[in-house]
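Asks: Shown below is the structure under consideration.
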Amino acid sequence: MDWQTFTAGAVVAITLLVFLVRLARPRRKGGCGHGCDCGKKTR
Amino acid sequence: MHSATSTIALIGNPNAGKTTLFNALTGANQKVGNYSGVTVELKSGEAFTPHGKKLRVLDLPGCYSLRAPSPDEKVAVDALHGDLPGYGKPDLVVCVLDASNLERHLQLALQVIELRMPTVIALNMVDMAEKSGLRLDPAKLSEELGVPVVPMQASAGKGIIELKQALRFPFPSPPDPKWVQDADEPDAARRSFIHSICELAARRPDAHQLTVSDKLDAWLLHPVFGWVAFLTTMFTVFWAIFSFAEIPMGWIESGQGALSAWVSSLMPDGDLRSLLVDGVIGGVGGVVVFLPQIVLLFFFIGLLESSGYMARAAFLMDGVMAKAGLSGKAFLPLFSSYACAIPGVMATRTIDSAKERLVTMFVAPWMSCSARLPVYFLIVPLLLHENEGSWKQALVLFGIYTLGTLSAFVVARLLRKRLGPDTGANHFLLELPPYRAPQWSYILRHVFERGWSFIAKAGTIILGLSILLWALGTYPKSDDENVDPLSHSAMGRIGAVIEPVVKPLGFDGRIGTAILTSFAAREVFNSSLAVIFRVEEAETDEEARGRTRDRIAAATWPDGAPLFTPLTLVSILVFFIYALQCLPTTAVVAREAGSWKWALGQFAFMSAFAYLASLVVYQGGRLLGF
Amino acid sequence: MASALVSDLEIDSAMTLNQVGVGCDVRIRILSGPGCDRLRDLGFCEQLQIRKLAGGRNLICSVCGTRMAISRELAEQVLVAPLA
């Protein structure tokens, strides 16, 4: 396995981990979290 | 002496300027608009008095009276009484009044003073009052009401310091309303008191002068010309978005191309290079390239909202909406849904009728939201030859929006019938605020914020999904050179499974997979297409890494027939018009409707409808010979 | 008792806002109907002087300097007398 494949694999693994963590423990409650003017501010 | 932070609440009629004052006090940039129903939930922020004391400021939805018939007004009343979970009773109330409308706004002020909480009156918009010839006497007003009165012009920042001075510690003592003493009928007592105060402290020369706004309204609210003006305005906005966005789009695309070339030059061909160029730059770029359209859309929405035209549009639409079983009040939440359905769904709080509210929430996602724009802007130019004028593309886009809107009205009517008649009476009642010049600083800040959150979403969720999509499209790999790498990968296999399901809609497995991914976020459709249709062979010439658009145009079925025929493109568009692909929207609908069944029913209905609509369009089109 | 009789007479002889011509100045006499609370909240009070700016399915009135749009059904509940 060359270094490119290894690095790419690592990036993918980290991304997947981040997604799984966010799904399991949503950081922001309530609002959609992507700027829709709901006015929900994280305290 | 008091270490706890004091809470002050801003209350007042819709359009009195509470949110503008809130923004000025707290430095926030909450949404402001020149029509009622902009603020529908409580907003909280912090301000400091000149003496350095910290205050928690609550911006409440506008209400005409503490009787509170609609859900958003109820939020305001509950907040005042300390009944809102998470918020205690405010320590002081700032009642924001429009100085040119005291006879009407004092109704609420008197009711608030009767609550016997420390109160300060913010007499806002004194500039407009003076222009219309009103002669105000704030000192007399204060004397009669028994509370401090601060004249101000929140939109220009005038009077803010004086207001903060009035909020210094200790707070004014609770007032003692003298008008309700010995009165059998509080309503009548209030009215006669207001009448006498206005004689003393707010003399109006001529109540019914025809203003500039009236002259404009003679045209804009005309039964025929008003509609012409409305449709022309809408169409012009679409056209402007298409044509003005061309040049910045070109810059972004060149930038993307240059970035790809540079990264390619840094390393030999390999997985990481492919991840960075095809996955990251291609995937994220496929969305970010539409930033100009997003910015322009929000700019025009800001202009329309700020001018006061929205209330006129609601007035015009009332007749049409009645045929859908809705009232003109439902127009404003639906219009907000063109930007994003989530605040649109929340804005339905201004609707008194519970059943009308439910129906409006149900159909709101069919007002094509801004997340669909990247998909529309990718597909629509493919339908028409690029050399055709922007106005044709604008026409198609206009048609897309109209289709979504009309379908929503039809479904609304059917659903309304099924829900049955209202228990209480509800009537159309709308304030038409005077036209105002747009507040440019607010609009530009707002547009910048929306643009920035678009980029932020692209840089986080879409970036992550693009990386995962790339992985699905690359692995597992095959050593056999004759096998198409994509079909061997995980994504290819998923595509093979999906293909039979989506083929009747005119899609192959690759499009089907892209659509599946777009349920995570609509914009990801573009990223998926970019990743899926990347050029396989090693590239030495960076120009061959053309735009996603060109690669798509060249894609074919296994037998060589073009994949993206006009019919297929229309089928894709129809699918995106009708599909509900936003989990946060479903969550907000569940919360606002108070029922997950309603929200899930909406999702199931819209998904099925989208599938069937695409099916009908594609198969019908084939039958007709397209 | 007498006042009830008087107000009945007033209701019988008054016109509704729908019946008034466009551009007329009128004084509100009585509000009667299910929507009258809401109307009062928005400023349509007894003894108030208003001008009708437009009629039809929805009316536009000038109330204390503000332009208000109300539906026909609501206007039916506003009984007015023209100013001499």
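By convention here, the chains of the structure tokens are called A, B, ... in the order presented, each chain's residues are numbered starting at 1, and ligands are numbered starting at 1 in the order presented.
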Can you list, as a PDB file with C-alpha atoms, in the first residue's frame, every protein, DNA or RNA residue that comes within 7 Å of stretch 45-55 of chain C when you count only C-alpha atoms, leaving out same-chain residues fewer than 5 positions away?

Replies:
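What landed in out.pdb:
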ATOM      1  CA  HIS B 208     -56.148  60.607   6.372  1.00  0.00           C
TER       2      HIS B 208
ATOM      3  CA  VAL C  22     -64.676  54.280  -1.263  1.00  0.00           C
ATOM      4  CA  GLY C  23     -63.059  57.495  -0.089  1.00  0.00           C
ATOM      5  CA  CYS C  24     -65.705  58.217   2.539  1.00  0.00           C
ATOM      6  CA  ASP C  25     -64.884  59.309   6.034  1.00  0.00           C
ATOM      7  CA  VAL C  26     -67.000  57.523   8.597  1.00  0.00           C
ATOM      8  CA  ARG C  27     -67.239  57.179  12.347  1.00  0.00           C
ATOM      9  CA  ILE C  28     -67.470  53.734  13.859  1.00  0.00           C
ATOM     10  CA  ARG C  29     -70.660  53.304  15.836  1.00  0.00           C
ATOM     11  CA  ILE C  30     -70.712  49.751  17.034  1.00  0.00           C
ATOM     12  CA  ARG C  40     -60.595  46.446  18.654  1.00  0.00           C
ATOM     13  CA  ILE C  60     -58.327  48.876   3.004  1.00  0.00           C
ATOM     14  CA  CYS C  61     -59.020  51.502   5.646  1.00  0.00           C
ATOM     15  CA  SER C  62     -57.024  54.324   7.091  1.00  0.00           C
ATOM     16  CA  VAL C  63     -57.121  53.987  10.870  1.00  0.00           C
TER      17      VAL C  63
END

Asks: Pull out every residue of chain B sitting within 6 Å of chain A, counting only C-alpha atoms, and send them as a list in words.

Replies: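 That gives the following set of residues: Gly270, Asp271, Leu272, Pro343, Ser453, Gly464 and Pro584 of chain B.
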
Asks: Give one line per residue of chain C that approaches chain B to at most 6 Å, naming the two atoms of the closest pair and their distance in Å to one decimal, counting only C-alpha atoms; sort by chain then ascending residue number and deliver it as CSV.

Replies:
residue,atom,partner,partner_atom,distance
C:Asp41,CA,B:Tyr64,CA,5.7
C:Gly43,CA,B:Arg104,CA,4.9
C:Cys64,CA,B:Ala207,CA,5.8
C:Gly65,CA,B:Ala207,CA,5.3
C:Arg67,CA,B:Leu432,CA,5.3
C:Met68,CA,B:Glu431,CA,4.6
C:Ala69,CA,B:Leu430,CA,5.0
C:Ile70,CA,B:Leu429,CA,4.5
C:Ser71,CA,B:Phe428,CA,5.2

Asks: Could you save those same residues with N, CA and C atoms as a CSV table (one decimal), in the first residue's frame?

Replies:
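New file out.csv:
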chain,number,residue,atom,x,y,z
C,41,ASP,N,-58.5,45.2,19.0
C,41,ASP,CA,-57.1,45.1,19.3
C,41,ASP,C,-56.3,45.8,18.2
C,43,GLY,N,-57.3,48.4,16.6
C,43,GLY,CA,-57.5,49.8,16.5
C,43,GLY,C,-58.9,50.3,16.0
C,64,CYS,N,-56.3,55.9,12.1
C,64,CYS,CA,-55.3,56.6,12.9
C,64,CYS,C,-53.9,56.7,12.1
C,65,GLY,N,-54.0,56.9,10.8
C,65,GLY,CA,-52.8,57.1,10.1
C,65,GLY,C,-52.2,55.8,9.5
C,67,ARG,N,-52.6,52.1,7.5
C,67,ARG,CA,-53.4,51.4,6.5
C,67,ARG,C,-53.7,50.0,7.0
C,68,MET,N,-54.9,49.6,7.1
C,68,MET,CA,-55.2,48.3,7.6
C,68,MET,C,-56.1,47.6,6.5
C,69,ALA,N,-55.8,46.3,6.2
C,69,ALA,CA,-56.6,45.6,5.3
C,69,ALA,C,-57.4,44.6,6.1
C,70,ILE,N,-58.8,44.6,5.9
C,70,ILE,CA,-59.6,43.6,6.6
C,70,ILE,C,-60.5,43.0,5.6
C,71,SER,N,-61.0,41.8,5.9
C,71,SER,CA,-61.8,41.0,5.0
C,71,SER,C,-63.2,41.5,5.0

Asks: Quick one: DSSP helix (DSSP H, G or I) residues in stretch 16-69 of chain C, as JSON, numbers by chain?

Replies: {"C": [36, 37, 38, 39, 40, 41]}

Asks: Which residue, B:Leu10, B:Leu145, B:Ile194, B:Ile467, has the smallest gap to A:Ala10 when you use only C-alpha atoms?

Replies: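 Checking each of B:Leu10, B:Leu145, B:Ile194, B:Ile467 against A:Ala10, counting only C-alpha atoms, the winner is B:Ile467.
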
Asks: Please report the interatomic distance between atom CA of B:Trp452 and atom CA of B:Ser264 in Å with one decimal.

Replies: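 Between these atoms lies a distance of 27.9 Å.
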
Asks: Give me, as a list of chain:residue names, all polymer residues having an atom no more than 9 Å from B:Pro381, counting only C-alpha atoms and skipping those fewer than 4 positions away in the same chain.

Replies: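 In the requested form, the answer reads B:Tyr376, B:Phe377, B:His385, B:Glu386, B:Gln393, B:Arg549.
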
Asks: Could you save those same residues with N, CA and C atoms as a PDB file, in the first residue's frame?

Replies:
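Output below, filename again18.pdb:
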ATOM      1  N   TYR B 376     -30.881  22.948  -9.329  1.00  0.00           N
ATOM      2  CA  TYR B 376     -31.564  23.605 -10.443  1.00  0.00           C
ATOM      3  C   TYR B 376     -30.563  24.266 -11.385  1.00  0.00           C
ATOM      4  N   PHE B 377     -29.587  24.955 -10.803  1.00  0.00           N
ATOM      5  CA  PHE B 377     -28.654  25.688 -11.643  1.00  0.00           C
ATOM      6  C   PHE B 377     -27.685  24.781 -12.376  1.00  0.00           C
ATOM      7  N   HIS B 385     -29.533  25.135 -24.553  1.00  0.00           N
ATOM      8  CA  HIS B 385     -28.183  25.347 -25.021  1.00  0.00           C
ATOM      9  C   HIS B 385     -27.599  26.566 -24.328  1.00  0.00           C
ATOM     10  N   GLU B 386     -26.331  26.518 -24.046  1.00  0.00           N
ATOM     11  CA  GLU B 386     -25.742  27.607 -23.263  1.00  0.00           C
ATOM     12  C   GLU B 386     -25.842  28.967 -23.904  1.00  0.00           C
ATOM     13  N   GLN B 393     -33.589  30.783 -19.421  1.00  0.00           N
ATOM     14  CA  GLN B 393     -33.295  30.002 -18.227  1.00  0.00           C
ATOM     15  C   GLN B 393     -34.137  30.507 -17.065  1.00  0.00           C
ATOM     16  N   ARG B 549     -20.553  19.904 -15.532  1.00  0.00           N
ATOM     17  CA  ARG B 549     -21.574  20.065 -16.547  1.00  0.00           C
ATOM     18  C   ARG B 549     -21.202  19.373 -17.854  1.00  0.00           C
TER      19      ARG B 549
END

Asks: Set the distance at 8 Å and use only C-alpha atoms: which residues neighbour C:Leu79 once local chain neighbours fewer than 4 positions away are removed? I'd like the list as a PyMOL selection string.

Replies: chain C and resi 11+14-17+28-32

Asks: With only C-alpha atoms as the counted atoms, please give the residues lying no more than 7 Å from stretch 290-297 of chain B, apart from itself and same-chain residues fewer than 2 positions off, as a ChimeraX atom specification.

Replies: /B:241,245,248-249,287-288,299-301,370,374,447,451

Asks: Create the file for the chosen residues now, containing N, CA and C atoms and written as an mmCIF file, in the first residue's frame.

Replies:
data_model
loop_
_atom_site.group_PDB
_atom_site.id
_atom_site.type_symbol
_atom_site.label_atom_id
_atom_site.label_comp_id
_atom_site.auth_asym_id
_atom_site.auth_seq_id
_atom_site.Cartn_x
_atom_site.Cartn_y
_atom_site.Cartn_z
ATOM 1 N N ILE B 241 -31.043 37.031 -10.993
ATOM 2 C CA ILE B 241 -30.186 36.025 -10.363
ATOM 3 C C ILE B 241 -29.403 35.273 -11.423
ATOM 4 N N ALA B 245 -25.272 36.399 -11.955
ATOM 5 C CA ALA B 245 -24.409 35.385 -11.341
ATOM 6 C C ALA B 245 -23.389 34.821 -12.322
ATOM 7 N N PRO B 248 -19.419 36.043 -11.753
ATOM 8 C CA PRO B 248 -18.748 35.484 -10.573
ATOM 9 C C PRO B 248 -18.627 33.969 -10.630
ATOM 10 N N MET B 249 -19.638 33.318 -11.230
ATOM 11 C CA MET B 249 -19.569 31.870 -11.357
ATOM 12 C C MET B 249 -18.353 31.480 -12.171
ATOM 13 N N VAL B 287 -20.729 22.574 -5.378
ATOM 14 C CA VAL B 287 -21.752 23.300 -4.628
ATOM 15 C C VAL B 287 -21.382 24.772 -4.485
ATOM 16 N N VAL B 288 -20.113 25.003 -4.134
ATOM 17 C CA VAL B 288 -19.669 26.376 -3.858
ATOM 18 C C VAL B 288 -19.787 27.278 -5.085
ATOM 19 N N PHE B 299 -30.254 38.618 -1.321
ATOM 20 C CA PHE B 299 -30.242 40.068 -1.477
ATOM 21 C C PHE B 299 -31.613 40.563 -1.920
ATOM 22 N N PHE B 300 -32.192 39.910 -2.917
ATOM 23 C CA PHE B 300 -33.496 40.352 -3.400
ATOM 24 C C PHE B 300 -34.594 40.103 -2.377
ATOM 25 N N ILE B 301 -34.506 38.963 -1.693
ATOM 26 C CA ILE B 301 -35.494 38.715 -0.639
ATOM 27 C C ILE B 301 -35.393 39.807 0.425
ATOM 28 N N SER B 370 -33.701 27.307 -0.954
ATOM 29 C CA SER B 370 -32.423 27.695 -1.556
ATOM 30 C C SER B 370 -31.463 26.515 -1.671
ATOM 31 N N PRO B 374 -28.521 24.874 -6.125
ATOM 32 C CA PRO B 374 -27.396 24.251 -6.832
ATOM 33 C C PRO B 374 -27.838 23.164 -7.807
ATOM 34 N N VAL B 447 -27.135 39.314 4.147
ATOM 35 C CA VAL B 447 -26.701 38.555 2.976
ATOM 36 C C VAL B 447 -25.338 37.926 3.244
ATOM 37 N N GLY B 451 -24.579 33.995 3.138
ATOM 38 C CA GLY B 451 -23.539 33.499 2.247
ATOM 39 C C GLY B 451 -22.492 32.724 3.026
#

Asks: Quick one: pull the distance between atom CA of B:Val363 and atom CA of B:Arg450, Å, one decimal.

Replies: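 Between atom CA of B:Val363 and atom CA of B:Arg450 the gap works out to 23.9 Å.
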
Asks: Run DSSP on the backbone of this structure and report the residues of chain C it assigns to strand (DSSP E), as a VMD selection string.

Replies: chain C and resid 15 to 16 25 to 31 49 to 54 58 to 63 66 to 71 78 to 82

Asks: Could you tell me how far atom CA of B:Phe230 lies from atom CA of B:Asp217, in Å and to one decimal?

Replies: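 Value for the atom CA of B:Phe230-atom CA of B:Asp217 distance: 12.2 Å.
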